[in-house]
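Engineer: Next comes the structure file start_33.tsv, holding TSV, C-alpha atoms.
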chain	number	residue	atom	x	y	z
A	1	MET	CA	5.74	-88.82	-53.08
A	2	SER	CA	9.11	-87.05	-53.44
A	3	ARG	CA	8.20	-84.13	-55.65
A	4	GLN	CA	8.05	-80.80	-53.82
A	5	VAL	CA	5.52	-77.98	-54.20
A	6	VAL	CA	6.86	-74.49	-53.49
A	7	LEU	CA	4.22	-71.88	-52.70
A	8	ALA	CA	4.48	-68.11	-52.50
A	9	LEU	CA	1.00	-66.71	-51.77
A	10	ALA	CA	0.13	-63.18	-50.68
A	11	SER	CA	-2.50	-64.44	-48.20
A	12	GLU	CA	-0.89	-66.15	-45.21
A	13	GLN	CA	-4.13	-67.97	-44.44
A	14	GLN	CA	-4.54	-69.24	-47.98
A	15	GLN	CA	-0.93	-70.39	-47.99
A	16	ALA	CA	-1.45	-72.30	-44.71
A	17	VAL	CA	-4.66	-73.88	-46.05
A	18	VAL	CA	-3.10	-75.02	-49.34
A	19	CYS	CA	0.02	-76.35	-47.55
A	20	ALA	CA	-2.12	-78.33	-45.08
A	21	ALA	CA	-4.25	-79.80	-47.87
A	22	LEU	CA	-1.15	-80.84	-49.83
A	23	THR	CA	0.51	-82.37	-46.78
A	24	ALA	CA	-2.65	-84.42	-46.22
A	25	HIS	CA	-2.02	-85.97	-49.65
A	26	GLY	CA	1.59	-86.83	-48.86
A	27	VAL	CA	3.00	-83.90	-50.82
A	28	VAL	CA	6.02	-82.03	-49.50
A	29	ALA	CA	4.78	-78.42	-49.45
A	30	THR	CA	7.06	-75.47	-48.71
A	31	GLY	CA	5.38	-72.13	-48.13
A	32	LEU	CA	7.74	-69.20	-48.64
A	33	PRO	CA	7.46	-66.16	-46.34
A	34	LEU	CA	6.95	-62.80	-48.05
A	35	SER	CA	10.43	-61.83	-46.86
A	36	ALA	CA	12.05	-64.63	-48.87
A	37	HIS	CA	14.04	-63.89	-52.01
A	38	LEU	CA	11.82	-65.69	-54.48
A	39	GLU	CA	14.34	-66.61	-57.16
A	40	THR	CA	16.88	-67.83	-54.60
A	41	ALA	CA	14.27	-70.02	-52.89
A	42	VAL	CA	13.21	-71.50	-56.22
A	43	MET	CA	16.80	-72.30	-57.18
A	44	GLN	CA	17.34	-74.02	-53.81
A	45	ALA	CA	14.25	-76.16	-54.45
A	46	MET	CA	15.70	-77.10	-57.84
A	47	ARG	CA	18.50	-78.99	-56.05
A	48	GLY	CA	16.05	-81.69	-54.95
A	49	PRO	CA	15.73	-85.09	-56.64
A	50	GLN	CA	12.98	-83.79	-58.92
A	51	PRO	CA	12.11	-80.30	-60.21
A	52	PRO	CA	9.47	-78.68	-57.98
A	53	LEU	CA	6.01	-77.52	-58.89
A	54	LEU	CA	5.78	-73.77	-58.31
A	55	LEU	CA	2.53	-72.14	-57.15
A	56	ILE	CA	3.20	-68.40	-57.36
A	57	ASP	CA	0.75	-65.61	-56.51
A	58	ILE	CA	0.80	-62.77	-59.05
A	59	ILE	CA	0.18	-60.40	-56.11
A	60	VAL	CA	3.48	-61.51	-54.57
A	61	LEU	CA	5.21	-60.71	-57.85
A	62	ALA	CA	3.55	-57.28	-57.88
A	63	GLN	CA	4.66	-56.64	-54.31
A	64	LEU	CA	8.21	-57.49	-55.36
A	65	ALA	CA	7.90	-55.03	-58.28
A	66	THR	CA	8.40	-57.96	-60.63
A	67	GLY	CA	6.12	-58.31	-63.62
A	68	THR	CA	4.57	-61.74	-64.02
A	69	ASP	CA	6.01	-61.88	-67.54
A	70	GLU	CA	9.44	-60.96	-66.13
A	71	PHE	CA	9.30	-63.77	-63.55
A	72	CYS	CA	8.09	-66.30	-66.12
A	73	ALA	CA	10.95	-65.34	-68.46
A	74	TRP	CA	13.42	-65.86	-65.59
A	75	LYS	CA	11.84	-69.22	-64.80
A	76	ARG	CA	12.18	-70.37	-68.43
A	77	SER	CA	15.86	-69.44	-68.40
A	78	HIS	CA	16.85	-70.86	-65.01
A	79	CYS	CA	14.48	-73.71	-64.17
A	80	ALA	CA	12.65	-74.75	-67.31
A	81	ASN	CA	11.96	-78.24	-65.91
A	82	ALA	CA	9.86	-76.92	-63.03
A	83	ASP	CA	6.12	-76.80	-63.56
A	84	LEU	CA	4.40	-73.48	-62.84
A	85	LEU	CA	0.88	-72.64	-61.71
A	86	LEU	CA	0.03	-68.98	-61.26
A	87	TYR	CA	-2.41	-67.98	-58.55
A	88	CYS	CA	-4.24	-64.84	-57.46
A	89	SER	CA	-5.39	-64.76	-53.84
A	90	GLU	CA	-7.79	-61.88	-54.53
A	91	LEU	CA	-9.55	-63.30	-57.60
A	92	HIS	CA	-12.83	-65.11	-57.09
A	93	THR	CA	-13.09	-66.31	-60.68
A	94	VAL	CA	-10.63	-66.30	-63.59
A	95	PRO	CA	-11.86	-65.24	-67.06
A	96	ALA	CA	-10.77	-67.28	-70.07
A	97	GLN	CA	-8.64	-64.40	-71.39
A	98	ALA	CA	-6.65	-64.34	-68.13
A	99	ARG	CA	-6.06	-68.09	-68.26
A	100	ALA	CA	-4.83	-67.75	-71.84
A	101	TRP	CA	-2.46	-64.99	-70.70
A	102	ALA	CA	-0.99	-67.24	-67.99
A	103	GLN	CA	-0.58	-70.13	-70.40
A	104	ARG	CA	1.10	-67.87	-72.97
A	105	LEU	CA	3.63	-66.95	-70.25
A	106	GLY	CA	4.43	-70.63	-69.71
A	107	ALA	CA	2.23	-71.44	-66.71
A	108	HIS	CA	-0.17	-74.37	-66.82
A	109	ASP	CA	-3.01	-72.22	-65.51
A	110	LEU	CA	-4.04	-69.23	-63.40
A	111	LEU	CA	-5.96	-70.31	-60.30
A	112	PRO	CA	-8.33	-68.15	-58.23
A	113	GLY	CA	-8.01	-67.61	-54.49
A	114	CYS	CA	-9.36	-70.08	-51.92
A	115	ASP	CA	-11.88	-69.39	-49.18
A	116	LEU	CA	-11.76	-71.55	-46.06
A	117	VAL	CA	-15.54	-71.50	-45.59
A	118	HIS	CA	-16.20	-72.44	-49.22
A	119	ARG	CA	-13.29	-74.84	-49.54
A	120	ARG	CA	-15.28	-77.42	-51.50
A	121	GLN	CA	-15.99	-74.90	-54.25
A	122	SER	CA	-12.67	-73.05	-54.15
A	123	LEU	CA	-9.91	-75.20	-52.62
A	124	LEU	CA	-10.91	-78.54	-54.11
A	125	PRO	CA	-10.44	-77.45	-57.76
A	126	THR	CA	-7.03	-76.00	-56.83
A	127	MET	CA	-5.99	-79.26	-55.21
A	128	ASN	CA	-7.12	-81.24	-58.23
A	129	SER	CA	-5.09	-78.97	-60.54
A	130	ILE	CA	-1.96	-79.43	-58.43
A	131	LEU	CA	-2.35	-83.18	-57.95
A	132	MET	CA	-2.98	-83.70	-61.65
A	133	LEU	CA	0.34	-82.03	-62.48
A	134	LEU	CA	2.02	-84.23	-59.88
A	135	GLY	CA	0.44	-87.33	-61.41
A	136	ALA	CA	-1.28	-88.05	-58.09
A	137	GLY	CA	-4.90	-88.45	-59.17
A	138	VAL	CA	-7.72	-86.47	-57.58
A	139	ALA	CA	-8.04	-84.88	-54.17
A	140	ASN	CA	-9.18	-86.92	-51.19
A	141	GLU	CA	-11.82	-84.67	-49.70
A	142	THR	CA	-11.96	-86.56	-46.41
A	143	ALA	CA	-8.20	-86.28	-45.84
A	144	MET	CA	-8.30	-82.62	-46.81
A	145	GLU	CA	-11.12	-81.85	-44.37
A	146	ARG	CA	-9.30	-83.61	-41.55
A	147	ALA	CA	-6.15	-81.59	-42.19
A	148	LEU	CA	-8.00	-78.28	-42.32
A	149	LEU	CA	-9.84	-78.93	-39.07
A	150	ALA	CA	-6.45	-79.17	-37.35
A	151	LEU	CA	-5.39	-75.70	-38.53
A	152	PRO	CA	-5.31	-73.01	-35.81
A	153	THR	CA	-6.97	-70.52	-38.14
A	154	THR	CA	-10.34	-68.87	-38.45
A	155	PRO	CA	-11.84	-67.72	-41.74
A	156	ASP	CA	-10.92	-64.18	-42.78
A	157	ASP	CA	-14.21	-62.82	-44.12
A	158	ARG	CA	-12.67	-59.46	-45.01
A	159	THR	CA	-10.93	-60.67	-48.15
A	160	SER	CA	-12.46	-59.99	-51.55
A	161	VAL	CA	-12.66	-63.74	-52.22
A	162	ALA	CA	-14.59	-64.38	-48.99
A	163	GLN	CA	-16.92	-61.46	-49.64
A	164	ALA	CA	-17.58	-62.65	-53.18
A	165	TRP	CA	-18.44	-66.16	-51.97
A	166	ARG	CA	-20.77	-64.70	-49.37
A	167	LEU	CA	-22.60	-62.66	-52.01
A	168	HIS	CA	-22.79	-65.74	-54.23
A	169	ASP	CA	-24.41	-67.63	-51.35
A	170	GLU	CA	-26.97	-64.88	-50.84
A	171	LEU	CA	-27.89	-64.83	-54.53
A	172	HIS	CA	-28.02	-68.60	-54.92
A	173	GLN	CA	-30.29	-68.87	-51.89
A	174	ILE	CA	-32.89	-66.87	-53.83
A	175	GLY	CA	-32.25	-68.76	-57.07
A	176	VAL	CA	-29.99	-66.24	-58.86
A	177	ASP	CA	-26.73	-67.07	-60.62
A	178	PRO	CA	-24.84	-63.78	-61.18
A	179	ASP	CA	-23.04	-64.88	-64.36
A	180	THR	CA	-26.17	-66.30	-65.98
A	181	LEU	CA	-28.07	-63.15	-65.04
A	182	ARG	CA	-25.38	-60.86	-66.50
A	183	VAL	CA	-25.56	-62.70	-69.83
A	184	LYS	CA	-29.36	-62.47	-69.75
A	185	MET	CA	-29.18	-58.74	-69.06
A	186	ARG	CA	-27.16	-58.22	-72.26
A	187	GLY	CA	-29.14	-60.63	-74.44
A	188	ALA	CA	-32.40	-60.43	-76.39
A	189	GLY	CA	-35.12	-59.21	-74.08
A	190	GLY	CA	-32.52	-57.87	-71.68
A	191	ILE	CA	-32.03	-54.40	-70.24
A	192	ASP	CA	-32.09	-51.42	-72.61
A	193	ILE	CA	-28.35	-50.91	-73.16
A	194	ARG	CA	-27.37	-48.02	-75.42
A	195	ALA	CA	-25.45	-44.75	-75.61
A	196	ARG	CA	-26.79	-42.07	-73.26
A	197	ARG	CA	-25.88	-38.45	-72.72
A	198	PHE	CA	-25.48	-36.54	-69.46
A	199	ARG	CA	-24.61	-32.86	-69.66
A	200	THR	CA	-21.83	-32.68	-72.27
A	201	LYS	CA	-20.64	-36.29	-72.19
A	202	THR	CA	-21.93	-39.39	-73.98
A	203	TYR	CA	-21.61	-42.77	-72.28
A	204	ASP	CA	-21.62	-45.78	-74.61
A	205	GLU	CA	-23.37	-49.06	-73.82
A	206	CYS	CA	-25.04	-48.19	-70.54
A	207	PHE	CA	-28.38	-48.69	-68.81
A	208	ILE	CA	-30.34	-46.74	-66.21
A	209	GLY	CA	-30.55	-47.88	-62.61
A	210	HIS	CA	-34.31	-47.62	-62.13
A	211	GLU	CA	-34.96	-49.36	-65.46
A	212	ALA	CA	-32.65	-52.18	-64.38
A	213	VAL	CA	-34.63	-52.56	-61.15
A	214	ASP	CA	-37.85	-52.76	-63.20
A	215	TRP	CA	-36.27	-55.47	-65.37
A	216	LEU	CA	-34.86	-57.44	-62.44
A	217	MET	CA	-38.27	-57.53	-60.77
A	218	GLN	CA	-39.58	-59.62	-63.67
A	219	ASN	CA	-36.51	-61.39	-65.07
A	220	ALA	CA	-34.28	-62.47	-62.16
A	221	GLY	CA	-35.95	-65.84	-61.82
A	222	ALA	CA	-39.32	-65.55	-60.07
A	223	PRO	CA	-41.15	-62.20	-59.87
A	224	ARG	CA	-39.62	-60.18	-57.05
A	225	PRO	CA	-40.51	-57.13	-54.96
A	226	ARG	CA	-38.66	-53.94	-55.80
A	227	THR	CA	-36.55	-54.00	-52.65
A	228	GLU	CA	-35.25	-57.48	-53.50
A	229	ALA	CA	-34.54	-56.52	-57.12
A	230	LEU	CA	-32.54	-53.57	-55.83
A	231	ARG	CA	-30.50	-55.85	-53.54
A	232	ILE	CA	-29.76	-58.14	-56.50
A	233	GLY	CA	-28.45	-55.16	-58.46
A	234	GLN	CA	-26.33	-54.10	-55.50
A	235	ALA	CA	-24.87	-57.62	-55.26
A	236	LEU	CA	-24.07	-57.63	-59.00
A	237	LEU	CA	-22.18	-54.36	-58.58
A	238	ALA	CA	-20.28	-55.64	-55.52
A	239	LEU	CA	-19.30	-58.75	-57.51
A	240	GLY	CA	-18.01	-56.61	-60.37
A	241	ARG	CA	-20.62	-57.81	-62.87
A	242	ILE	CA	-21.89	-54.24	-63.33
A	243	TYR	CA	-20.45	-50.83	-62.44
A	244	HIS	CA	-21.37	-47.16	-62.40
A	245	VAL	CA	-20.02	-45.44	-65.52
A	246	GLY	CA	-18.03	-42.97	-63.43
A	247	HIS	CA	-17.23	-45.42	-60.62
A	248	GLU	CA	-18.83	-42.89	-58.30
A	249	GLN	CA	-22.13	-44.41	-57.19
A	250	PRO	CA	-23.41	-47.64	-55.65
A	251	PHE	CA	-26.29	-49.34	-57.44
A	252	LEU	CA	-29.26	-47.01	-56.96
A	253	ASP	CA	-32.91	-47.11	-57.99
A	254	GLY	CA	-32.69	-43.83	-59.89
A	255	HIS	CA	-31.48	-42.08	-63.05
A	256	PHE	CA	-27.89	-43.27	-62.83
A	257	PHE	CA	-25.91	-44.89	-65.64
A	258	TYR	CA	-24.39	-48.36	-65.26
A	259	ARG	CA	-22.62	-50.85	-67.47
A	260	THR	CA	-21.76	-54.50	-67.55
A	261	HIS	CA	-18.09	-55.07	-68.40
A	262	ALA	CA	-17.59	-55.41	-72.14
A	263	ASP	CA	-17.59	-58.98	-73.38
A	264	THR	CA	-16.95	-58.96	-77.13
A	265	PRO	CA	-15.11	-61.44	-79.37
A	266	ARG	CA	-12.54	-58.84	-80.49
A	267	LEU	CA	-11.76	-57.92	-76.87
A	268	SER	CA	-11.54	-61.54	-75.72
A	269	ALA	CA	-9.25	-62.39	-78.65
A	270	LEU	CA	-6.55	-59.92	-77.59
A	271	ASP	CA	-3.27	-61.33	-76.31
A	272	LEU	CA	-2.71	-59.58	-72.96
A	273	CYS	CA	1.04	-60.16	-73.20
A	274	ASP	CA	1.09	-58.22	-76.47
A	275	VAL	CA	-1.17	-55.49	-75.08
A	276	VAL	CA	1.07	-54.85	-72.05
A	277	ALA	CA	4.31	-55.00	-74.03
A	278	ARG	CA	3.11	-52.47	-76.58
A	279	LEU	CA	1.40	-50.25	-74.03
A	280	ARG	CA	4.55	-50.04	-71.90
A	281	ASP	CA	6.93	-49.71	-74.85
A	282	GLY	CA	5.77	-46.40	-76.26
A	283	GLY	CA	2.00	-46.86	-76.13
A	284	VAL	CA	1.64	-44.37	-73.30
A	285	ARG	CA	4.03	-41.75	-72.03
A	286	ILE	CA	5.50	-42.88	-68.71
A	287	ARG	CA	6.97	-40.03	-66.69
A	288	ASP	CA	6.86	-38.28	-63.33
A	289	ARG	CA	3.65	-36.33	-62.78
A	290	LYS	CA	2.37	-33.94	-60.10
A	291	PHE	CA	-1.07	-33.62	-58.56
A	292	HIS	CA	-1.87	-31.23	-55.71
A	293	GLY	CA	1.82	-30.75	-55.03
A	294	VAL	CA	2.60	-34.47	-54.78
A	295	CYS	CA	4.97	-36.04	-57.32
A	296	TYR	CA	4.13	-39.51	-58.62
A	297	PRO	CA	7.09	-41.06	-60.45
A	298	ALA	CA	6.96	-43.21	-63.57
A	299	CYS	CA	3.21	-43.13	-64.21
A	300	PHE	CA	0.78	-42.71	-67.10
A	301	VAL	CA	-2.69	-41.22	-67.50
A	302	GLY	CA	-5.75	-43.46	-67.74
A	303	ALA	CA	-7.32	-41.41	-70.54
A	304	ASP	CA	-4.13	-41.65	-72.61
A	305	ALA	CA	-4.14	-45.44	-72.20
A	306	VAL	CA	-7.78	-45.67	-73.32
A	307	THR	CA	-7.08	-43.53	-76.39
A	308	TRP	CA	-4.07	-45.63	-77.36
A	309	ILE	CA	-5.88	-48.95	-76.80
A	310	ARG	CA	-8.82	-47.81	-78.92
A	311	ASN	CA	-6.56	-46.79	-81.80
A	312	ALA	CA	-4.16	-49.74	-81.56
A	313	PHE	CA	-6.81	-52.47	-81.40
A	314	GLU	CA	-9.86	-50.79	-82.98
A	315	LEU	CA	-11.94	-51.03	-79.81
A	316	GLY	CA	-14.71	-48.86	-78.44
A	317	GLU	CA	-14.28	-46.76	-75.32
A	318	HIS	CA	-16.19	-49.27	-73.19
A	319	GLU	CA	-14.05	-52.17	-74.45
A	320	ALA	CA	-10.84	-50.21	-73.83
A	321	SER	CA	-11.89	-49.33	-70.28
A	322	THR	CA	-12.77	-52.98	-69.59
A	323	LEU	CA	-9.35	-54.01	-70.87
A	324	GLY	CA	-7.66	-51.48	-68.60
A	325	GLN	CA	-9.53	-52.85	-65.59
A	326	ARG	CA	-8.53	-56.39	-66.55
A	327	LEU	CA	-4.88	-55.33	-66.48
A	328	MET	CA	-5.48	-54.02	-62.98
A	329	ASP	CA	-7.25	-57.23	-61.90
A	330	LEU	CA	-4.21	-59.21	-63.04
A	331	TYR	CA	-1.79	-56.97	-61.14
A	332	MET	CA	-0.01	-55.57	-64.17
A	333	VAL	CA	-0.89	-51.95	-63.41
A	334	HIS	CA	-2.33	-50.10	-60.43
A	335	HIS	CA	-3.56	-46.65	-59.46
A	336	VAL	CA	-0.68	-44.70	-57.91
A	337	THR	CA	-2.46	-44.47	-54.54
A	338	ASN	CA	-4.46	-47.70	-54.98
A	339	SER	CA	-7.66	-45.71	-54.46
A	340	GLN	CA	-9.26	-45.92	-57.91
A	341	PRO	CA	-10.33	-48.58	-60.39
A	342	PHE	CA	-9.27	-48.08	-64.00
A	343	ARG	CA	-10.90	-44.87	-65.21
A	344	ASN	CA	-10.94	-43.06	-68.52
A	345	GLY	CA	-9.84	-39.73	-67.14
A	346	HIS	CA	-6.94	-37.77	-65.68
A	347	PHE	CA	-5.99	-40.47	-63.18
A	348	PHE	CA	-2.44	-41.72	-62.71
A	349	TYR	CA	-1.48	-45.39	-63.05
A	350	ARG	CA	1.80	-47.26	-62.89
A	351	PHE	CA	3.13	-50.58	-64.10
A	352	TYR	CA	4.24	-52.70	-61.18
A	353	GLN	CA	7.54	-53.23	-62.95
A	354	ASP	CA	8.16	-49.47	-62.71
A	355	GLU	CA	7.98	-49.56	-58.92
A	356	LYS	CA	11.64	-50.57	-58.78
Do you think you could lay out the structure here as C-alpha cells?
Structural biologist:
Amino acid sequence: MSRQVVLALASEQQQAVVCAALTAHGVVATGLPLSAHLETAVMQAMRGPQPPLLLIDIIVLAQLATGTDEFCAWKRSHCANADLLLYCSELHTVPAQARAWAQRLGAHDLLPGCDLVHRRQSLLPTMNSILMLLGAGVANETAMERALLALPTTPDDRTSVAQAWRLHDELHQIGVDPDTLRVKMRGAGGIDIRARRFRTKTYDECFIGHEAVDWLMQNAGAPRPRTEALRIGQALLALGRIYHVGHEQPFLDGHFFYRTHADTPRLSALDLCDVVARLRDGGVRIRDRKFHGVCYPACFVGADAVTWIRNAFELGEHEASTLGQRLMDLYMVHHVTNSQPFRNGHFFYRFYQDEK
C-alpha cells in the first residue's frame, strides 16, 4: 500500500501505538515530532505519489497557537486532496456535536484518544476509521496485537483517557453504564432536578448530593449499600457526567448542589464553528486584564461569555456554561493558568489563537 499516513499527536505513546498498528497493516506511517513545523511537514508529504491521510491532534494545534479552524482552512487551500481525520488524545468519548464540528471544518471525523490497556475498545475503532479511508478494509486484530507487543512501552495510566477507561471498568464490573445512568437520572423517575437557592444565588437545574445517593441506592441497577452508591456518584463526577455547580467540591453525601451537563436539542443543534467565530469577533471583549498584580494578555471573562451566549442563542445559564466547557474540551479556549474548568464568574479565559 503506497498511501502515507502522517500523524501529529500530542501523546508520544499514543503516536507510537497508532504508528505500530498502521505499520502492521502495511501502511506507511510517519509520526511527526512536536518540534516539527506542521504545515511544512504536510507539504513535504504531499510530494508523494498519492496525497497523504492526515491524523492531526487538536491539542497539537492548540500547543502551536493555531486554531483547528485555522489549520483546516490552510489545509483546504494548500492540500485539498489530502484526507483529514482530527484526533484528541485527551478525549475518552466524542459527543455528536463535536463530530459535527469537525466535519463542518472539512475533517472526516474527530477521533478520541487511545489507551494501550483498552486497545480493543479504543484503538480498534480508530484503526478501522483510518483503514476505511485508505480503502484497506477492516483492522486485523491479530496483526495489531503482535505489533503492539513488540513496542518498548508501558501503559501510561496517568492520562485522562486511561483514568476514564479504568473508571469505566470499575462501573461495568458492578453492572453500571455511566451514560445510560446519566440519561436515567434526568428522565422520568430520575433525580429531583430543579432550581435551588443558596444564600443570594439561584442555581438552575441542579440536584442535592445526599438525595442523589438515596436515588442511586435504588436505581443504579441492583439495590446497593450507601457506600457503593456514593462511589458510583464519585465515578460519575470523575468521568465528567456530573459536576458540582461551583466546581468546588467532590461528590459528597450531603447538602451540596450538582448538575449533569445540559443536553438539550437547542444546545446540540448549535454550530460550534459559528459560536466560536461570533464569540471571538465581538461577542466578548478580549483585552489584557490584571489579577493580583499579574497581567494576563488577550483574555475574556467567563461570566461575560455566558451572558453573551445566553442572549445570542436564547439559552439558559446551565446550557451556556455547558457550551463553554465544550469549547474548552475541544481546545478552542482555555483558562489563562489552566487551573479552572469553564466557570460563570470572574475567571479569565483565552482563545488558543490569541496565544500568538
Engineer: Work out how far atom CA of A:Leu267 is from atom CA of A:Leu236, in Å to one decimal.
Structural biologist: 21.7 Å
Engineer: Report, in Å with one decimal, the straight-line distance from atom CA of A:Gly345 to atom CA of A:Asp304.
Structural biologist: 8.1 Å
Engineer: Rounded to one decimal in Å, what is the spacing between atom CA of A:His118 and atom CA of A:Ala162?
Structural biologist: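 So the two atoms, atom CA of A:His118 and atom CA of A:Ala162, lie 8.2 Å apart.
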Engineer: Could you pull the residues within 12 Å of A:Leu279, counting all atoms listed in the file, minus those fewer than 3 positions along the same chain, as number ranges by chain?
Structural biologist: A: 272-276, 282-286, 300-302, 304-313, 323-324, 327, 332-333, 350-351
Engineer: Give me the residues near A:Ala143 as a VMD selection string, where near means some atom within 12 Å (using only C-alpha atoms) and where sequence neighbours in that chain fewer than 4 positions away do not count.
Structural biologist: chain A and resid 20 to 26 124 127 138 to 139 147 to 150
Engineer: Which residues come within 12 Å of A:Ala238, counting only C-alpha atoms, excluding same-chain residues fewer than 3 positions away, as a PyMOL selection string?
Structural biologist: chain A and resi 160-161+163-168+171+178+231-235+241-244+247+249-251
Engineer: If we count all atoms listed in the file, what is near stretch 36-46 of chain A at a cut-off of 10 Å, once residues fewer than 6 positions away on the same chain are taken out, given as a ChimeraX atom specification?
Structural biologist: /A:4-8,30,52-54,56,60-61,64,71,74-75,78-79,81-82
Engineer: Report the closest atom pair, with its distance in Å rounded to one decimal, for each residue of stretch 239-343 of chain A that has an atom no farther than 12 Å from stretch 213-222 of chain A; count only C-alpha atoms, sort by chain and then rising residue number, and write it as CSV.
Structural biologist:
residue,atom,partner,partner_atom,distance
A:Phe251,CA,A:Val213,CA,9.7
A:Leu252,CA,A:Val213,CA,8.8
A:Asp253,CA,A:Val213,CA,6.5
A:Gly254,CA,A:Val213,CA,9.0
A:His255,CA,A:Val213,CA,11.1
A:Phe256,CA,A:Val213,CA,11.6
A:Tyr258,CA,A:Val213,CA,11.8
Engineer: Counting all atoms listed in the file, which residue out of A:Tyr352, A:Leu116, A:Thr260, A:Glu205 sits closest to A:Met185?
Structural biologist: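 When distances to A:Met185 are compared using all atoms listed in the file, the smallest one comes from A:Thr260.
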Engineer: Residues near A:Ala80, anyone? I mean within 10 Å using only C-alpha atoms, not counting same-chain ones fewer than 6 positions away, as a compact mmCIF listing (two decimals) with C-alpha atoms, in the coordinates of the input.
Structural biologist:
# COMPACT_ATOMS: atom_id res chain seq x y z
CA PRO A 51 12.11 -80.30 -60.21
CA CYS A 72 8.09 -66.30 -66.12
CA ALA A 73 10.95 -65.34 -68.46
CA TRP A 74 13.42 -65.86 -65.59
CA GLY A 106 4.43 -70.63 -69.71
Engineer: Please determine, counting all atoms listed in the file, which residue among A:Gln50, A:Asp83, A:Met132, A:Gln14 has the shortest atom-to-atom distance to A:Arg119.
Structural biologist: A:Gln14
